[in-house]
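input23.cif follows (mmCIF, C-alpha atoms and all ligand atoms):
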data_my_file
#
loop_
_atom_site.label_atom_id
_atom_site.label_comp_id
_atom_site.auth_asym_id
_atom_site.auth_seq_id
_atom_site.Cartn_x
_atom_site.Cartn_y
_atom_site.Cartn_z
CA MET A 1 84.70 251.39 65.97
CA THR A 2 86.23 249.01 68.53
CA GLU A 3 85.84 251.00 71.73
CA PHE A 4 83.02 253.04 73.15
CA THR A 5 82.32 254.85 76.44
CA LEU A 6 79.12 255.81 78.25
CA LYS A 7 78.91 258.24 81.12
CA SER A 8 76.68 257.49 84.12
CA PRO A 9 74.25 255.06 82.48
CA LEU A 10 70.87 255.03 84.22
CA ASP A 11 68.13 252.44 84.41
CA MET A 12 64.96 254.42 84.99
CA HIS A 13 62.79 251.36 85.80
CA ILE A 14 64.20 248.38 87.66
CA HIS A 15 62.91 245.61 89.94
CA PHE A 16 65.36 244.72 92.71
CA ARG A 17 63.00 242.57 94.86
CA GLU A 18 64.07 241.70 98.44
CA GLY A 19 66.10 239.11 100.36
CA ASP A 20 68.32 236.73 98.40
CA MET A 21 67.04 237.98 95.04
CA LEU A 22 67.97 241.55 95.97
CA LYS A 23 71.44 240.36 96.98
CA LEU A 24 71.80 238.61 93.61
CA VAL A 25 70.47 241.26 91.23
CA ALA A 26 71.32 244.63 92.82
CA PRO A 27 75.11 244.19 92.43
CA LEU A 28 74.60 243.11 88.80
CA SER A 29 72.90 246.43 88.02
CA ALA A 30 75.24 248.47 90.20
CA ALA A 31 78.30 247.01 88.44
CA SER A 32 77.51 249.01 85.30
CA PHE A 33 74.67 251.46 85.98
CA ALA A 34 75.20 254.66 87.98
CA GLY A 35 71.65 254.70 89.24
CA GLY A 36 68.19 253.32 88.82
CA VAL A 37 64.54 253.93 89.64
CA ILE A 38 63.55 251.18 92.06
CA MET A 39 60.05 249.78 91.66
CA PRO A 40 57.87 249.48 94.79
CA ASN A 41 55.79 246.38 93.91
CA LEU A 42 57.06 244.25 96.79
CA VAL A 43 54.87 242.10 99.01
CA PRO A 44 53.61 244.13 100.85
CA PRO A 45 54.25 247.16 98.63
CA VAL A 46 56.51 250.07 99.56
CA ASP A 47 53.75 252.36 100.80
CA SER A 48 55.07 253.96 103.98
CA ILE A 49 58.14 255.99 104.81
CA GLU A 50 59.35 253.34 107.27
CA ARG A 51 59.21 250.64 104.60
CA LEU A 52 60.85 252.93 102.05
CA VAL A 53 63.76 253.75 104.34
CA SER A 54 64.28 250.16 105.38
CA TYR A 55 64.16 249.00 101.73
CA GLN A 56 66.67 251.67 100.74
CA ASN A 57 68.99 250.46 103.54
CA ASP A 58 68.69 246.88 102.28
CA ILE A 59 69.58 248.08 98.78
CA SER A 60 72.60 250.01 100.04
CA ASP A 61 73.81 246.88 101.85
CA ALA A 62 73.29 244.77 98.71
CA ILE A 63 75.18 247.07 96.35
CA SER A 64 78.04 247.43 98.89
CA SER A 65 80.96 249.29 97.35
CA HIS A 66 79.46 250.06 93.92
CA GLU A 67 78.74 253.66 93.07
CA PHE A 68 75.01 253.45 92.41
CA GLU A 69 72.17 255.78 93.35
CA PRO A 70 68.88 254.01 94.08
CA PHE A 71 66.09 256.44 93.19
CA MET A 72 63.25 255.23 95.39
CA THR A 73 59.53 255.19 94.60
CA LEU A 74 56.37 254.77 96.65
CA PHE A 75 53.41 252.62 95.59
CA LEU A 76 50.46 254.93 94.83
CA LYS A 77 47.56 254.92 97.26
CA GLU A 78 45.80 257.80 98.99
CA TYR A 79 48.50 259.76 100.84
CA SER A 80 48.15 262.85 103.04
CA LEU A 81 49.89 266.15 102.43
CA GLU A 82 51.96 265.63 105.60
CA LEU A 83 53.20 262.23 104.51
CA LEU A 84 54.12 263.40 101.04
CA LYS A 85 55.90 266.46 102.40
CA SER A 86 58.16 264.24 104.46
CA ALA A 87 58.56 261.68 101.64
CA LYS A 88 59.44 264.23 98.95
CA ASP A 89 63.22 264.31 99.50
CA LYS A 90 63.45 260.54 99.74
CA ILE A 91 61.71 259.64 96.47
CA ILE A 92 61.96 260.34 92.75
CA GLY A 93 58.27 259.65 92.18
CA ILE A 94 55.21 257.58 93.00
CA LYS A 95 54.17 254.60 90.91
CA LEU A 96 50.56 254.02 89.87
CA TYR A 97 49.62 250.40 89.28
CA PRO A 98 46.05 249.78 88.13
CA GLU A 99 44.67 247.12 90.47
CA GLY A 100 45.58 243.65 89.15
CA ALA A 101 47.50 244.89 86.08
CA THR A 102 50.72 243.00 86.79
CA THR A 103 52.96 241.25 89.37
CA ASN A 104 52.04 242.24 92.95
CA SER A 105 49.59 244.95 91.95
CA GLU A 106 46.63 243.58 93.91
CA GLY A 107 46.66 246.67 96.15
CA GLY A 108 46.85 249.02 93.17
CA VAL A 109 44.52 251.81 92.16
CA ALA A 110 40.96 250.64 91.51
CA SER A 111 39.73 254.06 90.42
CA ILE A 112 41.88 256.96 89.27
CA GLU A 113 39.06 259.25 90.39
CA ALA A 114 39.71 258.27 94.02
CA ALA A 115 43.43 258.98 93.64
CA LYS A 116 42.96 262.51 92.33
CA GLU A 117 43.38 264.27 95.66
CA THR A 118 46.76 262.60 96.06
CA LEU A 119 47.69 263.45 92.47
CA GLN A 120 46.90 267.12 93.15
CA ILE A 121 49.19 267.09 96.19
CA MET A 122 51.92 265.43 94.10
CA SER A 123 51.50 268.11 91.46
CA ASP A 124 51.73 270.88 94.09
CA LEU A 125 54.83 269.31 95.66
CA GLU A 126 56.37 268.53 92.23
CA ILE A 127 56.55 264.78 92.81
CA PRO A 128 56.45 262.90 89.46
CA LEU A 129 53.86 260.22 88.75
CA LEU A 130 55.11 256.98 87.18
CA VAL A 131 52.43 254.86 85.55
CA HIS A 132 51.97 251.22 84.59
CA GLY A 133 49.66 252.22 81.75
CA GLU A 134 47.58 249.13 81.07
CA ASN A 135 43.88 248.67 81.54
CA PRO A 136 43.68 245.10 82.91
CA ASP A 137 40.06 244.67 81.72
CA ALA A 138 40.94 245.14 78.04
CA PHE A 139 42.12 242.46 75.58
CA VAL A 140 45.79 241.75 76.30
CA MET A 141 47.14 243.32 73.09
CA ASP A 142 45.00 246.44 73.61
CA ARG A 143 45.62 247.10 77.30
CA GLU A 144 48.06 249.96 76.72
CA LYS A 145 46.03 251.45 73.88
CA ASP A 146 42.96 251.36 76.10
CA PHE A 147 44.84 253.21 78.84
CA LEU A 148 45.85 256.11 76.55
CA LYS A 149 42.58 257.90 77.32
CA GLN A 150 43.62 257.94 80.99
CA TYR A 151 46.94 259.51 80.00
CA HIS A 152 45.02 262.18 78.05
CA GLU A 153 42.83 262.82 81.07
CA LEU A 154 45.69 262.90 83.60
CA ALA A 155 47.93 265.09 81.42
CA THR A 156 45.11 267.58 80.88
CA GLU A 157 43.75 267.65 84.41
CA PHE A 158 47.20 267.91 86.05
CA PRO A 159 49.23 270.01 83.61
CA LYS A 160 51.99 270.67 86.18
CA LEU A 161 52.37 267.01 87.16
CA LYS A 162 55.25 265.19 85.46
CA ILE A 163 53.79 261.91 84.22
CA VAL A 164 56.06 259.10 83.06
CA MET A 165 54.44 256.43 80.89
CA GLU A 166 56.44 253.40 81.96
CA HIS A 167 57.63 250.71 79.53
CA ILE A 168 55.65 251.91 76.52
CA THR A 169 55.03 249.32 73.82
CA THR A 170 52.90 251.03 71.17
CA ALA A 171 53.38 253.53 68.35
CA GLU A 172 50.40 255.47 69.78
CA ALA A 173 52.18 256.00 73.10
CA VAL A 174 55.27 257.32 71.28
CA ALA A 175 53.04 259.82 69.45
CA LEU A 176 51.45 260.96 72.72
CA LEU A 177 54.84 262.22 73.94
CA ASP A 178 54.60 265.08 71.48
CA GLU A 179 51.03 265.97 72.40
CA TYR A 180 51.49 266.87 76.06
CA GLU A 181 54.37 268.80 77.55
CA ASN A 182 54.07 266.96 80.89
CA LEU A 183 54.23 263.40 79.46
CA TYR A 184 57.47 261.43 79.40
CA ALA A 185 58.19 257.73 78.85
CA THR A 186 60.55 254.87 79.48
CA VAL A 187 61.13 251.98 77.12
CA THR A 188 62.70 248.58 77.83
CA LEU A 189 65.40 246.73 75.94
CA GLN A 190 63.11 243.89 74.91
CA HIS A 191 60.47 246.19 73.44
CA LEU A 192 63.12 247.72 71.13
CA LEU A 193 64.01 244.25 69.87
CA ILE A 194 61.13 241.81 69.90
CA THR A 195 57.51 241.46 68.85
CA LEU A 196 54.81 239.06 69.98
CA ASP A 197 56.18 236.66 67.38
CA ASP A 198 59.34 236.20 69.45
CA VAL A 199 57.27 235.42 72.54
CA ALA A 200 54.57 233.17 71.12
CA GLY A 201 54.83 233.00 67.33
CA GLY A 202 56.81 229.77 67.35
CA LEU A 203 57.74 227.72 70.39
CA LEU A 204 56.62 229.64 73.47
CA ASN A 205 59.49 231.59 75.06
CA PRO A 206 58.70 232.25 78.72
CA HIS A 207 61.86 234.33 79.19
CA LEU A 208 60.46 236.95 76.80
CA PHE A 209 57.04 237.06 78.47
CA CYS A 210 56.41 240.33 80.29
CA LYS A 211 53.74 242.93 80.87
CA PRO A 212 53.00 244.83 78.78
CA ILE A 213 53.37 242.01 76.26
CA ALA A 214 55.49 242.76 73.16
CA LYS A 215 53.33 244.06 70.31
CA ARG A 216 53.40 244.35 66.51
CA PRO A 217 56.39 245.04 64.21
CA GLU A 218 55.13 248.58 63.55
CA ASP A 219 55.03 249.28 67.29
CA ARG A 220 58.56 247.95 67.77
CA ASP A 221 59.73 250.07 64.84
CA ALA A 222 58.20 253.25 66.29
CA LEU A 223 59.82 252.59 69.69
CA LEU A 224 63.17 251.81 68.10
CA ASN A 225 63.07 254.90 65.94
CA ALA A 226 62.30 257.10 68.96
CA ALA A 227 65.22 255.56 70.88
CA LEU A 228 67.70 255.73 67.99
CA THR A 229 66.87 259.39 67.40
CA ALA A 230 67.10 260.03 71.17
CA HIS A 231 63.63 261.49 71.52
CA PRO A 232 64.26 263.98 74.36
CA LYS A 233 61.34 262.70 76.48
CA LEU A 234 62.15 259.02 76.11
CA MET A 235 64.43 257.35 78.70
CA PHE A 236 65.84 253.88 79.07
CA GLY A 237 64.11 251.81 81.75
CA SER A 238 64.95 248.13 81.54
CA ASP A 239 61.98 246.88 83.60
CA SER A 240 64.41 244.07 84.34
CA ALA A 241 62.17 241.81 86.41
CA PRO A 242 63.88 238.70 87.83
CA HIS A 243 61.89 235.59 88.65
CA PRO A 244 63.48 232.27 89.68
CA LEU A 245 63.66 229.69 86.91
CA HIS A 246 60.87 227.54 88.38
CA LYS A 247 58.47 230.52 88.18
CA LYS A 248 59.28 231.03 84.48
CA GLU A 249 59.63 227.51 83.07
CA CYS A 250 56.32 226.23 84.37
CA CYS A 251 52.60 226.30 83.82
CA GLY A 252 51.55 229.82 84.84
CA CYS A 253 54.75 231.63 83.89
CA ALA A 254 55.42 234.86 85.80
CA ALA A 255 55.70 238.07 83.75
CA GLY A 256 59.13 239.65 83.56
CA VAL A 257 62.28 239.66 81.43
CA PHE A 258 65.66 239.75 83.17
CA THR A 259 68.04 242.07 81.29
CA ALA A 260 69.94 244.16 83.85
CA PRO A 261 73.43 242.63 83.43
CA ILE A 262 73.32 242.48 79.62
CA ALA A 263 71.26 245.53 78.65
CA LEU A 264 74.09 247.98 78.06
CA GLN A 265 76.15 245.64 75.88
CA ILE A 266 73.09 244.84 73.75
CA LEU A 267 72.17 248.52 73.46
CA VAL A 268 75.67 249.34 72.22
CA GLU A 269 75.35 246.56 69.64
CA LEU A 270 71.88 247.74 68.59
CA PHE A 271 72.76 251.43 68.30
CA GLU A 272 75.95 250.59 66.39
CA LYS A 273 74.00 248.41 63.97
CA HIS A 274 71.76 251.38 63.20
CA ASP A 275 74.66 253.82 63.00
CA ALA A 276 73.28 255.73 65.98
CA LEU A 277 75.93 255.29 68.68
CA ASP A 278 76.12 259.08 69.00
CA LYS A 279 72.53 259.04 70.33
CA LEU A 280 73.02 256.43 73.04
CA GLN A 281 74.38 258.79 75.71
CA ASP A 282 71.17 260.86 75.58
CA PHE A 283 68.96 257.80 75.66
CA ILE A 284 70.83 256.05 78.47
CA SER A 285 71.46 259.00 80.79
CA ASP A 286 71.25 262.62 79.66
CA ASN A 287 67.52 262.61 78.88
CA ALA A 288 66.72 261.22 82.33
CA ILE A 289 68.99 263.70 84.12
CA ARG A 290 67.26 266.57 82.32
CA ASN A 291 63.69 265.28 82.53
CA TYR A 292 63.84 264.36 86.22
CA GLU A 293 66.28 267.15 87.15
CA ILE A 294 68.46 264.75 89.14
CA ASP A 295 72.12 264.55 90.12
CA VAL A 296 73.75 261.20 89.46
CA PRO A 297 77.11 259.61 90.35
CA ASP A 298 79.81 260.47 87.87
CA THR A 299 80.85 257.10 86.42
CA THR A 300 82.12 255.77 83.11
CA VAL A 301 81.59 252.41 81.47
CA ASN A 302 83.98 251.34 78.72
CA PHE A 303 82.94 248.88 76.04
CA VAL A 304 85.19 246.89 73.73
CA LYS A 305 84.27 245.08 70.56
CA LYS A 306 84.94 241.62 71.91
CA GLU A 307 82.44 238.77 71.78
CA PHE A 308 80.41 238.23 74.94
CA VAL A 309 78.45 235.04 75.52
CA ILE A 310 75.40 235.77 77.64
CA PRO A 311 75.42 233.42 80.65
CA ASP A 312 72.79 230.69 80.82
CA LYS A 313 71.88 231.85 84.31
CA TYR A 314 72.70 234.38 86.97
CA GLY A 315 72.06 232.43 90.16
CA ASP A 316 68.64 230.95 89.55
CA VAL A 317 67.55 233.57 87.02
CA VAL A 318 67.68 233.11 83.25
CA PRO A 319 68.52 236.31 81.36
CA MET A 320 67.11 237.35 78.00
CA TYR A 321 69.11 235.83 75.13
CA ALA A 322 70.79 233.29 77.45
CA GLY A 323 73.64 231.48 75.65
CA GLN A 324 73.69 233.87 72.69
CA THR A 325 76.81 235.73 71.58
CA ILE A 326 76.84 239.49 71.21
CA ALA A 327 79.51 241.70 69.69
CA TRP A 328 80.35 244.04 72.59
CA SER A 329 81.65 243.44 76.11
CA ILE A 330 82.11 245.69 79.10
CA ASP A 331 85.83 246.30 79.55
CA GLY A 332 87.12 245.28 82.97
O1 LIG A 401 56.59 241.89 83.25
C1 LIG A 401 56.52 242.55 84.26
N1 LIG A 401 57.08 242.14 85.41
N2 LIG A 401 55.82 243.69 84.23
C2 LIG A 401 55.57 244.39 85.35
O2 LIG A 401 54.93 245.39 85.26
C3 LIG A 401 56.04 243.89 86.66
C4 LIG A 401 57.18 243.01 86.53
C5 LIG A 401 57.49 242.24 87.79
O3 LIG A 401 57.47 242.85 88.88
O4 LIG A 401 57.77 241.06 87.70
ZN ZN A 402 58.21 247.10 86.03
#

Write the structure described by the file as structure tokens, please.
Amino acid sequence: MTEFTLKSPLDMHIHFREGDMLKLVAPLSAASFAGGVIMPNLVPPVDSIERLVSYQNDISDAISSHEFEPFMTLFLKEYSLELLKSAKDKIIGIKLYPEGATTNSEGGVASIEAAKETLQIMSDLEIPLLVHGENPDAFVMDREKDFLKQYHELATEFPKLKIVMEHITTAEAVALLDEYENLYATVTLQHLLITLDDVAGGLLNPHLFCKPIAKRPEDRDALLNAALTAHPKLMFGSDSAPHPLHKKECCGCAAGVFTAPIALQILVELFEKHDALDKLQDFISDNAIRNYEIDVPDTTVNFVKKEFVIPDKYGDVVPMYAGQTIAWSIDG
């Protein structure tokens, strides 16, 4: 095959940041994706309607003429029924960050118990819960595994609440999708491709360092298999998380892999390699449309089998696989 088309690709987990970084990265996503779920971990976080609306306006300005729907999220804290009633039509969900689990999560949830009133309101109003599922007190490789008991608890206690396990990295999390009707998941590009060996098994690669950290080969294989078979509850969410070069190539490297402008081309290459291109439309768009019950802009992206050299940098941000050549390009 030398040509391939995707309809309305969606990135169900994306960090756009603010200011100059927003102006740099938002158009790069909007050039190929039809929409994305915008993460709220700004400083300060997106935790009021005023901030949400002003952030959405900044995003609209940054993406200018591109057809791209920003699906906004709020940062989970205790919210009143009144606030959530007026937020409902402006958001796709609310993101739970355990306190201190990752970048800008200092104001996150210290105890899920204390958040339960808000979770009940969300369930009643049918507002999905998106979760950074890592227990920050556990050993780094076990932080997601340790959080699975919270997913069990949340899925059981709030059976009507849609819960999305964000950026899953373990075979156990994949298995959990089939245990609870109300659990869904996103997976990133890097977690379909790499293991901890690629991050730290040889020379340390800061551009592959993210949270959750990449895990074992058997975890990567389980994630890849679920994506290649288009598991109906699994959606693509790049977790593309730009940091300027000096925050990555330094002592105290920030967590985050920047993949937004190259993710689709690499996914086409990966799915073709595994003879699964017929499953990519579900994984990249249709599953998300069905699971979230959303309308998305009607766009098409055409790919051609023509070598594409991944740029060394976009502005001051180094993408995953910088300088490497991949087999597919976006046409036009
Ligand atoms: O690696 C990550 N970077 N994981 C996250 O959860 C947050 C993100 C960021 O905002 O940089
Ligand atoms: Zn993220």

Surrounding residues of A:Ser105 excluding itself and chain neighbours under 4 positions, 10 Å, all atoms listed in the file, as a PyMOL selection string: chain A and resi 40-45+75+96-101+109+132

Taking all atoms listed in the file into account, report as a list in words which residues have an atom no farther than 6 Å from an atom of ligand LIG 401 (chain A).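 Result of the 6 Å neighbour search around ligand LIG 401 (chain A): Thr102, Thr103, Cys210, Lys211, Ala241, Ala255 and Gly256 of chain A.
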
Residues just named, written with C-alpha atoms as an mmCIF file, keeping the file's coordinate frame:
data_model
loop_
_atom_site.group_PDB
_atom_site.id
_atom_site.type_symbol
_atom_site.label_atom_id
_atom_site.label_comp_id
_atom_site.auth_asym_id
_atom_site.auth_seq_id
_atom_site.Cartn_x
_atom_site.Cartn_y
_atom_site.Cartn_z
ATOM 1 C CA THR A 102 50.720 243.000 86.790
ATOM 2 C CA THR A 103 52.960 241.250 89.370
ATOM 3 C CA CYS A 210 56.410 240.330 80.290
ATOM 4 C CA LYS A 211 53.740 242.930 80.870
ATOM 5 C CA ALA A 241 62.170 241.810 86.410
ATOM 6 C CA ALA A 255 55.700 238.070 83.750
ATOM 7 C CA GLY A 256 59.130 239.650 83.560
#

Write out as a count of residues only which residues come within 7 Å of stretch 243-249 of chain A when counting only C-alpha atoms, dropping same-chain ones fewer than 2 positions away. 8

Near-ligand residues for ligand ZN 402 (chain A), threshold 7 Å, all atoms listed in the file, as a list of chain:residue names: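 Sorted by chain and then by number, the residues are A:His13, A:Ile14, A:His15, A:Met39, A:Asp239, A:Ala241.
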
How far is it from atom CA of A:Phe33 to atom CA of A:Ser8, in Å with one decimal? 6.6 Å
